[in-house]
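Heads up, the thing below is written out as structure tokens.
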Amino acid sequence: MSGSASAAKAAREISLDESIQVGGGDTTSPPPTAIHPRHRRTRWQTRLEISILSGPAIIVFLAFVMVPVLVALYYGFFSWKGYGPATNFVGLANYVWTLTNKAFWSALLHNGMILVLSLLLQGPLAILIALLLNQKMRGRAIIRMLIFVPYVIAEAVVGIGFRLMLQDVGAVNGLLAKIGHFLGLTDGKVLISWISNPKLALWTLMFILTWKYIGFAIILMLAGLQNVPEELSEAAAVDGATYWQIQRHIMLPLLAPTIRIWAFLSIIGSMQLFDLVYVIWGQYIATIAGTSTQVWFMATEGQLKGQLGRGSAISIVVFAISLVVAFLYQRFVLRRDTEGALTEREG
């Protein structure tokens with residue numbers, strides 16, 4: 001009995017040793033399974049998918065951007081009143097007239113001044129307010145809403161309102177007269193030409209633009225600040241950094257991409273400014289007051305004077321200037337932001 005048991009035990013040990021030798025010493029691991037390579041999409045399938053997704057946007061862009069630009073370029077070669085076929089071909093005369101007109105270069109100079117002042121006034125003020133509103137405080141949501149309200153008001157409404165208030169006998173001068181009379185500084189009358197005085201008109205426009213558009217800049221800065229991890233400021237505070245040191249060395253550098261995007265939008269908006277200038281200063285006062293802009297000049301010379309061919313030529317020149325400014329800004333300023341968004345093409 002004991003002999004048969006010993007023989008059975010020896011047989012089990014022999015079979016175990018053989019299984020260890022065959023399996024490489026690992027009796028617990030399952031046998032490897034075959035890994036099938038992932039099916040790669042063919043190139044035409046990728047192109048078809050891209051075409052379906054981007055096709056509608058490309059069609060809209062061609063129909064509402066490129067076609068009007070080409071049509072305006074065509075009519076710029078004619079002396080055209082805006083009705084009937086364009087038959088009076090004048091060649092480059094409209095373009096030469098635009099580029100040699102002092103009023104156009106004066107309007108372009110005003111655009112440049114508005115652009116620089118917008119960046120210098122709205123940018124720092126928006127950043128400061130955004131940093132303050134980024135802190136936890138009571139009524140923060142209400143303050144954000146009130147700051148953003150002017151941005152959603154139509155330009156025509158804003159222009160009419162400020163035009164009425166800034167007249168020589170308007171509400172602003174009336175309020176200043178009452179304050180001055182109460183303090184004994186005036187006799188109850190204040191006549192300041194906020195709109196027609198060339199020394200004040202541009203600053204009046206900048207005040208209106210800042211009041212109108214700074215809410216958008218603040219909301220954009222706040223959105224950028226929300227992407228900054230709180231752990232960074234908390235760690236800096238633990239290391240002994242003050243509030244303003246945290247804002248200067250942590251918040252502002254991380255907010256730089258948002259600032260560059262806002263600056264780009266502000267530059268494009270300054271180059272295309274028209275509504276507020278036309279509503280407040282009208283067709284004739286803007287030139288005298290020093291608030292004329294490129295688009296205002298285009299509308300005045302083209303639409304209002306019935307010279308649609310000349311207006312088309314002006315629009316092409318304005319388009320070319322704006323395109324060059326946008327290209328240079330993207331090439332030298334936004335390049336660091338766009339490079340990180342690009343992916344390499346699969347081989």
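Going through the structure tokens in order, the chains are called A, B, and so on, while each chain numbers its residues from 1 and the ligands are numbered from 1 in the order shown.
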Excluding Leu146 (chain A) and residues on its chain fewer than 6 positions from it, collect all residues at most 12 Å away from it, counting only C-alpha atoms, and give them as a short mmCIF file (atom, residue, chain, number, x, y, z; two decimals) with N, CA, C and O atoms, in the first residue's frame.
data_model
loop_
_atom_site.label_atom_id
_atom_site.label_comp_id
_atom_site.auth_asym_id
_atom_site.auth_seq_id
_atom_site.Cartn_x
_atom_site.Cartn_y
_atom_site.Cartn_z
N GLY A 139 -20.92 90.13 -3.70
CA GLY A 139 -21.44 90.89 -4.83
C GLY A 139 -20.56 90.86 -6.06
O GLY A 139 -20.73 91.69 -6.96
N ARG A 140 -19.63 89.90 -6.14
CA ARG A 140 -18.72 89.85 -7.28
C ARG A 140 -19.47 89.58 -8.58
O ARG A 140 -19.17 90.19 -9.62
N VAL A 152 -22.82 95.20 -24.37
CA VAL A 152 -23.94 94.61 -25.10
C VAL A 152 -24.91 95.67 -25.64
O VAL A 152 -25.84 95.33 -26.36
N ILE A 153 -24.71 96.93 -25.29
CA ILE A 153 -25.56 98.00 -25.81
C ILE A 153 -25.12 98.33 -27.23
O ILE A 153 -23.92 98.43 -27.52
N TRP A 211 -15.35 103.21 -22.02
CA TRP A 211 -16.58 102.87 -21.29
C TRP A 211 -17.34 101.74 -21.98
O TRP A 211 -17.91 100.87 -21.33
N LYS A 212 -17.32 101.74 -23.32
CA LYS A 212 -18.10 100.77 -24.08
C LYS A 212 -17.45 99.39 -24.10
O LYS A 212 -18.15 98.37 -23.95
N ILE A 214 -14.47 98.20 -22.35
CA ILE A 214 -13.60 97.67 -21.30
C ILE A 214 -14.24 96.47 -20.61
O ILE A 214 -13.54 95.59 -20.07
N GLY A 215 -15.57 96.39 -20.61
CA GLY A 215 -16.22 95.23 -20.01
C GLY A 215 -15.84 93.94 -20.70
O GLY A 215 -15.62 92.91 -20.03
N PHE A 216 -15.75 93.97 -22.02
CA PHE A 216 -15.32 92.77 -22.75
C PHE A 216 -13.89 92.39 -22.37
O PHE A 216 -13.58 91.20 -22.19
N ILE A 218 -12.33 93.01 -19.56
CA ILE A 218 -12.30 92.49 -18.19
C ILE A 218 -12.78 91.05 -18.14
O ILE A 218 -12.18 90.19 -17.48
N ILE A 219 -13.88 90.76 -18.83
CA ILE A 219 -14.40 89.38 -18.84
C ILE A 219 -13.39 88.44 -19.48
O ILE A 219 -13.19 87.30 -19.02
#
(request) Identify, with DSSP run on backbone atoms, the residues in region 81-319 of chain A assigned to alpha helix (DSSP H), and express the list as a PyMOL selection string. (result) chain A and resi 93-99+102-133+140-152+155-165+171-183+198-226+230-238+243-246+252-271+275-281+285-289+294-299+308-319
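Distance check against Arg163 (chain A) using only C-alpha atoms: of A:Gly302, A:Ile250, A:Thr204, A:Val149, the minimum falls on A:Thr204.
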(message) Neighbouring residues of Gly174 (chain A) were defined as those with any atom within 9 Å, considering only C-alpha atoms; residues of the same chain fewer than 5 positions away were excluded. Please report them as a ChimeraX atom specification.
(response) /A:168-169,179,188-191
(request) Rank nothing, just name the residue among A:Ala235, A:Ile280, A:Ser292, A:Trp44 nearest to Lys102 (chain A), using only C-alpha atoms. (result) A:Ser292
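Atom pair CA of Trp194 (chain A) / CA of Leu304 (chain A): separated by 25.4 Å.
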(message) So that I can check the surroundings of Gly123 (chain A), please list as a VMD selection string every protein, DNA and RNA residue that reaches within 8 Å of it, counting only C-alpha atoms and ignoring chain neighbours fewer than 5 positions away.
(response) chain A and resid 118 217 259 263
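Each of A:Met113, A:Ile52, A:Ala63, A:Met137 was checked against Thr291 (chain A) using only C-alpha atoms; the smallest atom-to-atom distance is that of A:Met113.
The shortest atom-to-atom distance to Val333 (chain A), with only C-alpha atoms taken into account, belongs to A:Phe264 out of A:Leu255, A:Phe264, A:Gly112, A:Ser79.
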